[in-house]
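Notes to accompany the following structure.
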Amino acid sequence: MATSVYWLFDFVFTFKKLLFLTSSYYPFTIYSNRYIMDLKSIKIDIIKGIHKCSQRGLFHSVKWLSELNYSLSHVQLSPEELPKFEESEVELEAYLLAKSYFDLKEYDRCTHFTKDCTSAKTKFLFYYSQYLSIEKKKLDNMTDSNCPPDPTKNDKLKNLCAQMQNDFYQNKLDGFMIYLYGIILKRLDLIALAIDVFTKAVALEPMLWCCWFELGKLVSDKNTLSLPDHWMKQFYSSHACLEQLRNDEALQICQSLCTQGFENSTYLMSQFALGHHNNRDLDKAINMFKKILEIDPYRLDNLDTYSNLLYVQEMKTQLADLAHKVVSIDKYRVETCCVIGNYYSLRSDHAKAVLYFRRALKLNPQFLSGWTLMGHEFMEMKNTNAAIQSYRHAIEINHRDYRAWYGLGQTYEIMKMYFYSLYYYKQAQQLKPNDSRMIIALGETYEKLDKIENALKCYYKACSIGDVEGLALIRLAKLYDKLNETENAAAAFTEYCLREDDSKEKVYDDQTEFYNALQYLANYHLNKGQIDDAYTYAYKCLECDETKEQGKALLRVIATKRMEQGNEMKMEEPIENTSPPGEANSSDMNFSLMIMENQ
Amino acid sequence: MKTTNISSVDIEKYRKLVQHYIDMHMHETALYWADKVVSITENPRDIYWLAQCMYHLKQFHRAVHLLRTKNLEKTFILCNYLTVRCLLAANELNEALNVVNILDVEIFPQQNLPISNNTLSNFDTIIFDDRPKNQVYASIMFLKGRVLEAMDNRILATECYKQALHCDVYCFEAFDALTRNQMLSASEEEELLKSLPVNEHCSTEEADVIKLLYESKLKKYHAPTSISKFTTKTLHADPILLQDGLLLNITPNHISNLTSTPNFISSPSISTPNIPKTIDDNKRKEKNLKTMETDSLDDRNLCLEKLKGNNDILVSQAEAFYYNCDFQKCSNLTDSILKQDPWHTACLPIHISSQVELKETTKLFLLAHNLVDLYPNLAISWYAVGCYYYIIGKSDLARRYLAKATCLDRLFGPAWLAYGHSFAVENEHDQAMAAYFKASQLMKGCHLPLLYIGLECGLTNNIRLADRFFQQAQSIAPDDPFILHEKGVINFQNLEYNTAEKNFKDALEKIRRIHSIPIPQRWVSLLNNLGHTCRKLKKYEEALEYHHQALLLSPQNASIYSAIGFVHSLVGNAEEAVDWFHKALGLERDDTFSSTMLNYVIEQLAEEKPPFPGAPEGIPKYNPKESSKLTLTYSEMNETSVDKGESEMSTSIRDSIKIDASQSNEGMQVNGKTDSSCMSIEVDMIDASKSIQDENSTT
């Protein structure tokens, strides 16, 4: 049975591979080609990994591996294939004692009783309990002082780091301890070294998911780390791609993993959801989350993203429902607090929203979206200083959080520190090169700094990548005008007018922009002697009160010109092409029809 | 007892009684019976014992009076010795010196001769019993030294101690007096140890033991250079084995074929270049150098090994750790020593210092309280209290208690240095210097006071004077990396960057020789200063390298962050620079340097960098890409204007497109180029432009 399933999947896999080979759209088929996954050995790997991690109290890795293992329940292992575990005899007493203290979160006691131990397992507990004790104390102190821990008072962690550093350079650490060392380095902001260390740890202990996870968070671009060729690497790759906002690639890898037998994994589903979310495929993402919640209704992981989605779609009732559900599951989880915060924010109760985000951050000061969202709330409440603080925390935790960079840009713009806001917008723009909002913000700032050319380039780029909010074009046109690039300006204005005309049915507030554009075009065409065009635009100007007078004046000028031209035309009739009137007529028709409708 | 003139048996019995009660520390009783014996016999020997009893009862003047009325101090060596002791204890220093000089004039006329049996044979009569003459002589010389030292005549005192040691190598007190109070410099100490007639006084086995013990007490500022001098003695002086060697030393199981013993090279500890934080209490810098020969007997080795577990030796090791800036290890070791012997006096200073370094306030608080409760008369107790207040930042109180410590023991150097530090942290340079000067007078053989004085001079911008003090300090301890470092700082201030770099690098090399890869955190400032110097010398790559090394030792350090940012901004790496300055400001919000630099760099970035990667060079021509859209509007119009004929309409669309295309024709050519540079070519955009081109070609 088991083998047949295996073969079946293998078949699916090769089939899929063919598909990939034929579709040249994705350039990274290597991921799917390199491994032919042997699910059985994977399962054995996982079970061994679970054992090792649980012995060391690495609960999150255990959880992740177990979930993965569960999604492989269709793969059966025969009794002799099941890995056997024996308790090692060295320092068993000390280990059992220490582990029990560790599980009860009595970290200092655990440290004390593992002080003189030498075996790798107990030594890991020795270091790990020290680290957790330091972190726990920091958190505990935070509840008193109500502010995040002061990074300058980190001496204990530094000492621990120095201690591990010595052992590290003497090669006394095993894979797990190296991972722990990496964590401490990361906490101390020694990112480059931390990446090195994590890479080493991963090579030694490929089943250590949390290590892959950290690595994915730290690696900044698609650089070539020498990572071991292990099936876990694919999970890592999808995670890393998501972190680096290379969403299509991530989705692609997830897809390939799905077809290789992990299709039941809720983790992969959540990866899909995140990928869709980043891609602004909101509906797909929401559906994916719904699916996950059906399978695993009490899963809280990533639900903060789900609440963001509901928030953006303004699905109030769903969000309320979600908030109630998560509260009933676990009130004191960061995700729960985040969902509730979003809920209050959608109800414009910003103070309460801040309260909940703050609670989330109290539970875990490293919770990224908490900081960003809290920054947004502070922005709503016009508390720029607090907003800046929040955004900065978010960036400290993750350098690639473009929302936080964007938020920082906004706050500094409010504070009229345009150079700063320019820099922050730039960061955001580099992270999301194809998002017009960032580049428009960039353009606005350049405008404020009186760097018209740069601003123009930004708007130009915004237009070229698809202007979501429809702001770029008119601005671009105005800047062309400002730089006396009349031809370009006219072209841009024309397009703007046409587009606005299209969406005329929609109610838009800023009519003056539109009519000013019309007026400009009327003048432009008049100057060029294209009287019919000028007439059309000038006529349109009459619709609005502000431009009415100018419109009338223009029409008068046009009328006189026409008279003159009419005389000339008569003389030169055989030479002149007849097409312009036709065009003018048609557009004229168009506009007049519109006017009729509007009235 | 050589009493022949008294035949009475009773007297003998009473004398024994006196001896017995003295042994039992029942001095009153002993005194009573001794007095009676003296009344009966009037024998000088008995008077001596009576005086002894008085001495034990702290009745010093009475004893002196007794001895002097009988004129015994002029005739009997031991009586003279006791008189001097009493006078010293009664703090009558001039009298004491006079009495001790009687001995020189009347008993040892040729005082400078080496003590041999020949010279002493003349005085057989004046020594009561068969005590070894050299020991008696050594004690006298030592006592004379003490008197001289108490009279602040340290140079003569040193000579006396040396003589005492030469007479009797076992006279530890003399040795300790020489080493503990820093009377000799490193080379002098070495010389002294070499000149000691160890082999004449004891067997070779014992000689080894003595050398081992004394050498552990010796040595200051041992720089790597001096190891090589000793490698001839050690069969194996491998610094890499340092850590392992330590383990072996403590565990007594490893014995015989242990050929390699560690060399502990100590360097005095001081502070970051600007604020002296260290308290160096015990000025002894020692090097733990043990020689063991493979061919030596097993039991001898066993004996040596066991001695290595001795607390005194362990204290020396702890000191070595301390001066190597391994404060945690030092503290662990002293903790274990104090567990065995809670009031080990030699261990306490180093223990307190390590607690100060590790900022273990609670531990120090408890220790200080216990010490003051038990030993209120010891300087060390009040020193501990002072140190406690020093690390919790209450300099006023710290000074009060440190002053008390110096009152109790004027020679207690550590207290003087800490006293100076307590001023230095409050930027009271003059008073700090005064305290350091006092310390430098007390500790002739120690370079630290000089170093600190130099530091204070540097802080008060008296660079030339500072340099002179550093030179002096260097003449005492030529290989101390701390001095090199401070000299480098002075050079840096003098804008002599090349010499500064050389000094820093020398210091770094010396440290690297002692330590394996991660050097102690204490040296962060050295690495950082090297970075600054390299930056001044325009070696930016190197500067970055050093700053990053420093960061490794001291993560999350705002000043290092901003230094790195500065180098980046000088290189023109503005974006990196902004990043680092942000980090620095994140840790220290009101760092004016970082914030002004950040302002500057961010503005520069805005001026110089393109608005986004791949931005076009010139102003892009507008290209109405949405011809498709145009058609759309017209087709819409087509629908709305139903009354128009279908065929007619289609031509009009055509025309309109044609016009549109011709309008943007020249724009298209240009845009073909800009588009490719624009990196992100949207698919629909290509399609749009293609459609236009198609239209073009058809028309």
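Chain identifiers are assigned as A, B, and so on, following the order in which chains appear in the structure tokens; residues are numbered from 1 within each chain, and ligands are numbered from 1 in order of appearance.
When the distance limit is 12 Å and only C-alpha atoms are what count, the residues near Glu608 of chain B, minus those fewer than 6 positions from it on the same chain, are Lys451 and Asn454 of chain A; Gly572, Asn573, Ala574, Glu575, Val601 and Ile602 of chain B.
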Write the selection just made, keeping C-alpha atoms, as a PDB file, in the first residue's frame?
ATOM      1  CA  LYS A 451      13.483  68.405  -7.574  1.00  0.00           C
ATOM      2  CA  ASN A 454      13.291  63.437 -10.235  1.00  0.00           C
TER       3      ASN A 454
ATOM      4  CA  GLY B 572      30.885  57.466  -0.316  1.00  0.00           C
ATOM      5  CA  ASN B 573      28.782  54.530   0.660  1.00  0.00           C
ATOM      6  CA  ALA B 574      25.985  56.799   1.687  1.00  0.00           C
ATOM      7  CA  GLU B 575      23.209  54.244   1.892  1.00  0.00           C
ATOM      8  CA  VAL B 601      24.260  61.953   4.462  1.00  0.00           C
ATOM      9  CA  ILE B 602      20.532  61.767   3.866  1.00  0.00           C
TER      10      ILE B 602
END
Exercise answer, chain A residues close to chain B, 8 Å and only C-alpha atoms, as a count of residues only: 39
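The gap separating atom CA of Gln519 of chain A from atom CA of Ile531 of chain A is 13.5 Å, in Å to one decimal.
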Do you know which residues are at most 10 Å from Gln244 of chain A counting only C-alpha atoms, after dropping those on the same chain fewer than 3 positions away, and could you put them as a list in words? Gly216, Lys217, Leu218, Val219, Ser220, Asp221, Lys222, Ser238, His239, Ala240, Cys241, Asn247, Ala250, Arg400, Asp401 and Leu431 of chain A
Residue neighbourhood Leu527 of chain B, 12 Å, only C-alpha atoms, exclusion window fewer than 5 positions, as number ranges by chain: B: 272-273, 485, 488-489, 501, 503-509, 511-512, 519-522, 532-534, 542-554, 560, 563
Just N, CA and C atoms for this one: save the residues we selected as a short mmCIF file (atom, residue, chain, number, x, y, z; two decimals), in the first residue's frame.
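Writing done, so here's again-v3.cif:
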data_model
loop_
_atom_site.label_atom_id
_atom_site.label_comp_id
_atom_site.auth_asym_id
_atom_site.auth_seq_id
_atom_site.Cartn_x
_atom_site.Cartn_y
_atom_site.Cartn_z
N THR B 272 39.07 51.79 29.55
CA THR B 272 38.87 52.39 28.26
C THR B 272 39.71 53.66 28.24
N PRO B 273 39.98 54.15 27.03
CA PRO B 273 40.95 55.24 27.00
C PRO B 273 40.55 56.45 27.82
N HIS B 485 48.62 51.21 24.43
CA HIS B 485 47.32 51.73 24.00
C HIS B 485 47.17 53.20 24.35
N GLY B 488 49.18 55.35 22.29
CA GLY B 488 48.54 55.51 20.99
C GLY B 488 47.47 56.59 21.04
N VAL B 489 46.71 56.59 22.12
CA VAL B 489 45.66 57.60 22.24
C VAL B 489 46.26 58.99 22.24
N GLU B 501 49.08 54.40 15.16
CA GLU B 501 48.75 53.09 14.58
C GLU B 501 49.76 52.05 15.02
N ASN B 503 51.62 52.01 17.71
CA ASN B 503 51.43 51.66 19.11
C ASN B 503 50.23 50.74 19.30
N PHE B 504 49.15 51.09 18.67
CA PHE B 504 47.95 50.26 18.80
C PHE B 504 48.22 48.86 18.29
N LYS B 505 48.89 48.80 17.16
CA LYS B 505 49.11 47.48 16.57
C LYS B 505 50.04 46.64 17.44
N ASP B 506 51.04 47.32 18.02
CA ASP B 506 51.92 46.59 18.94
C ASP B 506 51.12 46.01 20.09
N ALA B 507 50.27 46.87 20.64
CA ALA B 507 49.46 46.41 21.77
C ALA B 507 48.61 45.22 21.36
N LEU B 508 48.00 45.35 20.20
CA LEU B 508 47.11 44.28 19.73
C LEU B 508 47.89 42.99 19.54
N GLU B 509 49.09 43.13 19.02
CA GLU B 509 49.89 41.93 18.79
C GLU B 509 50.21 41.25 20.12
N ILE B 511 48.48 41.37 22.80
CA ILE B 511 47.28 40.71 23.34
C ILE B 511 47.01 39.43 22.57
N ARG B 512 47.16 39.52 21.28
CA ARG B 512 46.87 38.34 20.46
C ARG B 512 47.76 37.18 20.82
N ILE B 519 39.43 37.84 21.72
CA ILE B 519 40.14 38.52 22.79
C ILE B 519 39.12 39.15 23.72
N PRO B 520 39.52 39.41 24.98
CA PRO B 520 38.51 39.85 25.95
C PRO B 520 37.86 41.16 25.55
N GLN B 521 36.69 41.32 26.11
CA GLN B 521 35.87 42.48 25.77
C GLN B 521 36.54 43.79 26.14
N ARG B 522 37.39 43.72 27.12
CA ARG B 522 38.09 44.90 27.58
C ARG B 522 38.79 45.64 26.45
N HIS B 532 39.65 54.06 14.21
CA HIS B 532 39.67 55.51 14.04
C HIS B 532 40.98 55.94 13.38
N THR B 533 42.07 55.35 13.86
CA THR B 533 43.37 55.75 13.32
C THR B 533 43.48 55.40 11.85
N CYS B 534 43.05 54.18 11.53
CA CYS B 534 43.12 53.78 10.13
C CYS B 534 42.26 54.70 9.27
N GLU B 542 40.58 48.81 6.10
CA GLU B 542 41.15 48.30 7.34
C GLU B 542 40.35 48.83 8.54
N ALA B 543 40.00 50.10 8.44
CA ALA B 543 39.24 50.70 9.53
C ALA B 543 37.95 49.94 9.75
N LEU B 544 37.26 49.67 8.67
CA LEU B 544 36.00 48.93 8.78
C LEU B 544 36.24 47.58 9.43
N GLU B 545 37.32 46.95 8.99
CA GLU B 545 37.64 45.63 9.52
C GLU B 545 37.78 45.68 11.05
N TYR B 546 38.54 46.67 11.52
CA TYR B 546 38.75 46.77 12.97
C TYR B 546 37.46 47.11 13.69
N HIS B 547 36.69 47.99 13.11
CA HIS B 547 35.43 48.34 13.79
C HIS B 547 34.52 47.11 13.88
N HIS B 548 34.53 46.33 12.84
CA HIS B 548 33.66 45.15 12.88
C HIS B 548 34.16 44.15 13.92
N GLN B 549 35.47 44.06 14.03
CA GLN B 549 36.02 43.18 15.08
C GLN B 549 35.59 43.67 16.45
N ALA B 550 35.65 44.98 16.60
CA ALA B 550 35.24 45.55 17.89
C ALA B 550 33.77 45.24 18.17
N LEU B 551 33.00 45.35 17.12
CA LEU B 551 31.57 45.09 17.27
C LEU B 551 31.31 43.65 17.70
N LEU B 552 32.17 42.79 17.24
CA LEU B 552 32.03 41.38 17.60
C LEU B 552 32.23 41.20 19.10
N LEU B 553 33.14 41.97 19.66
CA LEU B 553 33.41 41.85 21.09
C LEU B 553 32.36 42.58 21.90
N SER B 554 31.87 43.65 21.38
CA SER B 554 30.89 44.42 22.14
C SER B 554 29.73 44.75 21.22
N ILE B 560 30.39 52.42 18.18
CA ILE B 560 30.98 51.66 17.08
C ILE B 560 30.10 51.78 15.85
N ALA B 563 30.78 54.99 14.26
CA ALA B 563 32.10 55.01 13.63
C ALA B 563 32.06 54.30 12.29
#
Find the residues near Tyr161 of chain B: any atom within 6 Å, counting only C-alpha atoms, skip ones fewer than 5 places away on the same chain, and give them as a PyMOL selection string. chain B and resi 142+145+174
Given the selection you just returned, output its residues as a file containing N, CA and C atoms, formatted as a PDB file, in the first residue's frame.
ATOM      1  N   PHE B 142      64.485  41.442  59.155  1.00  0.00           N
ATOM      2  CA  PHE B 142      63.111  41.707  58.722  1.00  0.00           C
ATOM      3  C   PHE B 142      62.463  42.763  59.608  1.00  0.00           C
ATOM      4  N   GLY B 145      63.629  46.032  58.875  1.00  0.00           N
ATOM      5  CA  GLY B 145      62.938  46.491  57.662  1.00  0.00           C
ATOM      6  C   GLY B 145      61.577  47.046  57.995  1.00  0.00           C
ATOM      7  N   ALA B 174      59.391  38.470  54.660  1.00  0.00           N
ATOM      8  CA  ALA B 174      60.247  39.444  53.989  1.00  0.00           C
ATOM      9  C   ALA B 174      59.945  39.452  52.500  1.00  0.00           C
TER      10      ALA B 174
END
Of the candidates B:Ile47, B:Leu192, B:Ile102, B:Ala34, which one gets nearest to Lys74 of chain B if we count only C-alpha atoms? B:Ile102
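Residues with any atom within 6 Å of segment 265-278 of chain A, counting only C-alpha atoms and excluding same-chain neighbours fewer than 2 positions away, are Leu68, Ser71, Asn247, Phe262, Glu263, Arg280, Asp281, Leu282, Ala285 and Met288 of chain A.
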How would the residues just chosen look if you wrote them out with C-alpha atoms as a compact mmCIF listing (two decimals), in the first residue's frame?
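Full text of part36.txt as output:
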# COMPACT_ATOMS: atom_id res chain seq x y z
CA LEU A 68 4.47 18.05 8.64
CA SER A 71 0.35 15.72 6.74
CA ASN A 247 6.15 35.85 -4.18
CA PHE A 262 2.76 17.50 1.20
CA GLU A 263 -0.56 18.69 -0.09
CA ARG A 280 -2.37 41.42 -3.51
CA ASP A 281 -4.40 38.48 -4.64
CA LEU A 282 -6.67 39.20 -1.76
CA ALA A 285 -5.60 34.56 0.08
CA MET A 288 -6.93 29.90 1.43
A straight line from atom CA of Glu80 of chain A to atom CA of Gly49 of chain A spans 17.8 Å
Per DSSP on the backbone, what are the helix (DSSP H, G or I) residues of segment 39-191 of chain A, as a VMD selection string? chain A and resid 39 to 55 59 to 71 92 to 103 107 to 113 120 to 145 155 to 169 175 to 187 191
Neighbouring residues of Lys487 of chain B were defined as those with any atom within 10 Å, considering only C-alpha atoms; residues of the same chain fewer than 4 positions away were excluded. Please report them as a JSON list (two decimals) with C-alpha atoms, in the first residue's frame.
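What landed in out.json:
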[["chain", "number", "residue", "atom", "x", "y", "z"],
["B", 273, "PRO", "CA", 40.95, 55.24, 27.00],
["B", 451, "LEU", "CA", 49.68, 55.16, 33.88],
["B", 454, "GLY", "CA", 49.27, 60.03, 32.51],
["B", 455, "LEU", "CA", 45.69, 59.30, 31.65],
["B", 458, "GLY", "CA", 45.77, 63.42, 28.82],
["B", 466, "ALA", "CA", 51.00, 62.61, 29.89],
["B", 467, "ASP", "CA", 53.53, 61.28, 27.47],
["B", 468, "ARG", "CA", 56.27, 61.63, 30.03],
["B", 469, "PHE", "CA", 54.31, 59.66, 32.58],
["B", 470, "PHE", "CA", 53.63, 56.96, 30.06],
["B", 471, "GLN", "CA", 57.34, 56.79, 29.32],
["B", 474, "GLN", "CA", 56.84, 51.93, 30.27],
["B", 481, "PRO", "CA", 49.69, 46.61, 26.12],
["B", 482, "PHE", "CA", 47.71, 49.09, 28.18],
["B", 483, "ILE", "CA", 50.55, 51.58, 28.13],
["B", 491, "ASN", "CA", 49.59, 60.16, 19.62],
["B", 492, "PHE", "CA", 46.16, 60.25, 18.10],
["B", 493, "GLN", "CA", 45.37, 63.44, 19.96],
["B", 499, "THR", "CA", 52.86, 56.36, 15.47],
["B", 500, "ALA", "CA", 49.44, 55.90, 16.98],
["B", 503, "ASN", "CA", 51.43, 51.66, 19.11],
["B", 504, "PHE", "CA", 47.95, 50.26, 18.80]]
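What separates atom CA of Leu72 of chain A from atom CA of Leu208 of chain A is a distance of 18.1 Å.
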